[in-house]
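Undergrad: Here it is, the structure, as structure tokens.
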Amino acid sequence: MKIATWNVNSLKVRLQHVIDWLGESKVDALCLQELKLTDDKYPRAELEAHGYRSWFAGQKTYNGVAILVRDGLDVDDVTVVRNIPGFEDLQQRVIAATVGGVRLVSAYFPNGQAPGTEKFAYKLAWLDAMHDWLAQEMQQYPKLALLGDYNIAPEDRDVHDPKAWEGQNLVSPEERAQFERLIALGFVDSYRQFEQPEKTFTWWDYRMFAFRRNAGLRIDHILLSPELAPSLVSCEIDKVPRKWEQPSDHTPVIADLNLAA
DNA sequence: ATGGCCTTGTGGCAAGGA
């Protein structure tokens with residue numbers, strides 16, 4: 001089973017990119033973030049016409065997440081969860097569904113703006129709630145994958161210029177400590193389970209020719225629970241959609257799982 | 001060099017993103 005995550009920065013603008021990418025990658029499940037549309041505007045029919053059903057949680061202008069599932073895979077409708085249970089939040093950042101026996105969580109972690117700000121405090125509180133919920137969720141669903149835009153670059157090698165970024169939002173010690181708390185639950189970072197080229201990122205600023213200069217960050221991740229991690233066959237970042245016309249500033253990450261193993 | 005670019009919703013710009 002191939003699973004993937006992609007922050008599309010507006011599903012309205014990027015719908016054709018998503019359809020094209022699904023056609024090429026043929027992933028079984030795709031977690032999307034930053035839909036930036038309300039549920040009534042969700043392009044359900046267009047995606048179904050291309051062989052993918054959707055579960056989503058949208059909102060106006062900001063945030064919004066979805067899980068797209070290829071026809072033929074079993075999805076348990078009853079256990080779909082939107083938002084972090086018990087965490088009051090008007091922002092739509094989380095949706096979870098069980099797909100082909102694997103619990104998938106599509107998450108758009110808060111940006112945080114800058115350390116010391118109100119939004120940064122919200123990010124840390126959100127991360128606390130996510131950590132505690134995942135600890136429970138993993139008990140209930142031992143085969144669990146957390147896919148999304150984490151808005152955290154876990155290590156200096158995930159940053160094009162660690163000195164310039166030191167202490168900044170997305171790389172600060174507080175945020176990295178939160179990432180490590182997830183790892184302490186037993187999660188493994190799919191991408192780092194394999195030899196990877198240096199300077200591989202998932203996001204590049206639209207400004208300053210950042211993509212051309214490869215001035216990016218690796219902030220989109222696929223974490224696998226201990227029960228699921230042994231199934232991991234490969235993990236890669238697909239830079240190609242970032243080269244398309246009018247691209248998202250993020251690019252997809254794919255993990256291939258062999259569930260029979 | 002604290003900007004640059006993109007999206008949204010609004011209304012002739014501001015907010016948010018990372």
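Ordering of the structure tokens sets the chain letters (A, B, ...); residue numbers start at 1 within each chain; ligands are numbered from 1 in the order shown.
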Each residue of chain A with at least one atom at most 7 Å from chain B should appear once, together with its nearest atom pair and the corresponding distance in Å (one decimal); atoms considered: only C-alpha atoms (C1' of nucleotides); ordering: chain, then increasing residue number; output as JSON lines.
TA:
{"residue": "A:Thr61", "atom": "CA", "partner": "B:DT8", "partner_atom": "C1'", "distance": 5.5}
{"residue": "A:Asn111", "atom": "CA", "partner": "B:DA18", "partner_atom": "C1'", "distance": 7.0}
{"residue": "A:Tyr206", "atom": "CA", "partner": "B:DC5", "partner_atom": "C1'", "distance": 4.9}
{"residue": "A:Arg207", "atom": "CA", "partner": "B:DC5", "partner_atom": "C1'", "distance": 4.8}
{"residue": "A:Met208", "atom": "CA", "partner": "B:DG4", "partner_atom": "C1'", "distance": 5.8}
Undergrad: Just to be explicit: take each residue in the selection above, keep N, CA, C and O atoms, and write the result as a CSV table (one decimal), in the first residue's frame.
TA:
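The result, written out as result_19.csv:
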chain,number,residue,atom,x,y,z
A,61,THR,N,-11.1,29.8,3.8
A,61,THR,CA,-9.8,30.5,3.6
A,61,THR,C,-8.6,29.8,4.1
A,61,THR,O,-7.6,29.8,3.4
A,111,ASN,N,1.4,26.6,12.1
A,111,ASN,CA,2.7,27.2,11.6
A,111,ASN,C,3.5,27.8,12.8
A,111,ASN,O,4.7,27.6,12.9
A,206,TYR,N,8.2,30.6,-1.9
A,206,TYR,CA,7.9,31.1,-3.3
A,206,TYR,C,8.9,32.2,-3.7
A,206,TYR,O,9.1,32.5,-4.9
A,207,ARG,N,9.4,32.9,-2.7
A,207,ARG,CA,10.2,34.1,-3.0
A,207,ARG,C,11.7,33.7,-3.2
A,207,ARG,O,12.2,32.7,-2.8
A,208,MET,N,12.4,34.7,-3.8
A,208,MET,CA,13.9,34.6,-3.9
A,208,MET,C,14.4,33.4,-4.6
A,208,MET,O,15.5,32.9,-4.3
Undergrad: Assign secondary structure with DSSP using the backbone only, and return the residues of stretch 24-259 of chain A in strand (DSSP E) as a VMD selection string.
TA: chain A and resid 29 to 33 52 to 57 65 to 70 81 to 82 94 to 99 102 to 108 144 to 149 188 to 189 203 to 204 216 to 217 220 to 224 232 to 237 253 to 257
Undergrad: With DSSP run on the backbone, what are the alpha helix (DSSP H) residues within stretch 68-251 of chain A? I'd like them as an NGL selection string.
TA: :A and (118-140 or 162-165 or 173-184)
Undergrad: Residues within 12 Å of A:Ala129, please, as a list in words. Count only C-alpha atoms (C1' of nucleotides); anything in the same chain fewer than 2 positions from it doesn't count.
TA: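 The residues that qualify are Asn83, Ile84, Pro85, Gly86, Phe87, Glu88, Asp89, Val94, Phe109, Tyr122, Lys123, Leu124, Ala125, Trp126, Leu127, His131, Asp132, Trp133, Leu134, Ala135, Gln136, Glu137, Gln178, Arg181 and Leu182 of chain A.
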Undergrad: Neighbours of A:Leu35 within 7 Å (only C-alpha atoms (C1' of nucleotides); same-chain residues fewer than 4 positions away dropped), as a short mmCIF file (atom, residue, chain, number, x, y, z; two decimals) with N, CA, C and O atoms, in the first residue's frame?
TA:
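Contents of result.cif, freshly written:
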data_model
loop_
_atom_site.label_atom_id
_atom_site.label_comp_id
_atom_site.auth_asym_id
_atom_site.auth_seq_id
_atom_site.Cartn_x
_atom_site.Cartn_y
_atom_site.Cartn_z
N VAL A 8 -1.23 21.15 -0.40
CA VAL A 8 -1.49 21.63 -1.76
C VAL A 8 -1.68 23.15 -1.83
O VAL A 8 -1.73 23.71 -2.92
N ASN A 9 -1.77 23.83 -0.67
CA ASN A 9 -1.94 25.28 -0.65
C ASN A 9 -3.05 25.73 -1.59
O ASN A 9 -2.81 26.42 -2.58
N SER A 10 -4.26 25.34 -1.24
CA SER A 10 -5.50 25.58 -2.00
C SER A 10 -5.83 24.44 -2.96
O SER A 10 -5.19 24.30 -4.01
N LEU A 11 -6.82 23.65 -2.59
CA LEU A 11 -7.24 22.55 -3.46
C LEU A 11 -7.94 23.08 -4.70
O LEU A 11 -7.92 22.45 -5.76
N GLY A 58 -13.11 20.73 6.01
CA GLY A 58 -12.70 22.01 5.43
C GLY A 58 -13.12 23.19 6.28
O GLY A 58 -13.89 23.06 7.23
N ASN A 63 -6.46 26.48 6.35
CA ASN A 63 -6.43 25.09 6.86
C ASN A 63 -7.27 24.15 5.99
O ASN A 63 -7.40 24.36 4.80
N GLY A 64 -7.82 23.12 6.58
CA GLY A 64 -8.59 22.13 5.84
C GLY A 64 -7.71 20.94 5.47
O GLY A 64 -6.61 21.10 4.95
N VAL A 65 -8.21 19.72 5.76
CA VAL A 65 -7.45 18.49 5.52
C VAL A 65 -8.37 17.44 4.89
O VAL A 65 -9.59 17.51 5.04
#
Undergrad: Quick one: residues within 9 Å of A:Gln113, only C-alpha atoms (C1' of nucleotides) counted, chain neighbours fewer than 4 positions away excluded, as a VMD selection string?
TA: (chain A and resid 117 to 120 169 to 170) or (chain B and resid 17 to 18)
Undergrad: Go ahead and save the residues from that selection, with N, CA and C atoms (P, O5', C5', C4', C3', O3' and C1' of nucleotides), as a CSV table (one decimal), in the first residue's frame.
TA:
chain,number,residue,atom,x,y,z
A,117,THR,N,5.3,34.2,20.3
A,117,THR,CA,4.0,34.8,19.9
A,117,THR,C,2.8,33.9,20.4
A,118,GLU,N,1.6,34.5,20.3
A,118,GLU,CA,0.4,33.7,20.7
A,118,GLU,C,0.3,32.5,19.8
A,119,LYS,N,0.5,32.7,18.5
A,119,LYS,CA,0.4,31.5,17.6
A,119,LYS,C,1.4,30.4,17.9
A,120,PHE,N,2.5,30.8,18.4
A,120,PHE,CA,3.5,29.8,18.8
A,120,PHE,C,3.0,29.0,20.0
A,169,ASN,N,11.4,30.0,14.0
A,169,ASN,CA,10.2,29.2,13.8
A,169,ASN,C,10.4,28.1,12.8
A,170,LEU,N,9.9,26.9,13.1
A,170,LEU,CA,10.0,25.7,12.4
A,170,LEU,C,11.2,24.9,12.8
B,17,DG,P,-0.9,31.2,9.9
B,17,DG,O5',-0.1,30.7,8.6
B,17,DG,C5',-0.8,30.0,7.5
B,17,DG,C4',0.1,30.0,6.4
B,17,DG,C3',1.5,29.3,6.6
B,17,DG,O3',1.7,28.3,5.7
B,17,DG,C1',1.8,31.3,5.4
B,18,DA,P,2.4,26.9,6.2
B,18,DA,O5',3.9,27.2,6.1
B,18,DA,C5',4.5,27.3,4.8
B,18,DA,C4',6.0,27.7,4.9
B,18,DA,C3',6.8,26.9,5.9
B,18,DA,O3',8.1,26.6,5.4
B,18,DA,C1',6.9,29.2,6.4
Undergrad: Show me, as a ChimeraX atom specification, the residues that have an atom within 6 Å of stretch 244-261 of chain A when counting only C-alpha atoms (C1' of nucleotides), minus same-chain residues fewer than 3 positions from it.
TA: /A:1-9,202-204,231-239,241
Undergrad: Rounded to one decimal in Å, what is the spacing between atom CA of A:Ala57 and atom CA of A:Cys31?
TA: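 Spanning atom CA of A:Ala57 to atom CA of A:Cys31 is a straight-line distance of 11.7 Å.
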Undergrad: So which residues touch A:Asp220 within 7 Å, counting only C-alpha atoms (C1' of nucleotides), skipping near sequence neighbours fewer than 4 positions away, as a PDB file with N, CA and C atoms, in the first residue's frame?
TA:
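File written: result-v1.pdb
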ATOM      1  N   GLY A 148       1.639  14.350   7.195  1.00  0.00           N
ATOM      2  CA  GLY A 148       1.203  15.735   7.089  1.00  0.00           C
ATOM      3  C   GLY A 148       2.310  16.748   6.997  1.00  0.00           C
ATOM      4  N   ASP A 149       1.839  17.996   7.064  1.00  0.00           N
ATOM      5  CA  ASP A 149       2.734  19.147   7.133  1.00  0.00           C
ATOM      6  C   ASP A 149       2.939  19.444   8.612  1.00  0.00           C
ATOM      7  N   TYR A 150       4.108  19.044   9.130  1.00  0.00           N
ATOM      8  CA  TYR A 150       4.379  19.183  10.570  1.00  0.00           C
ATOM      9  C   TYR A 150       4.822  20.606  10.926  1.00  0.00           C
ATOM     10  N   THR A 202      11.077  19.398   1.475  1.00  0.00           N
ATOM     11  CA  THR A 202       9.699  19.237   0.998  1.00  0.00           C
ATOM     12  C   THR A 202       9.006  20.566   0.787  1.00  0.00           C
TER      13      THR A 202
END
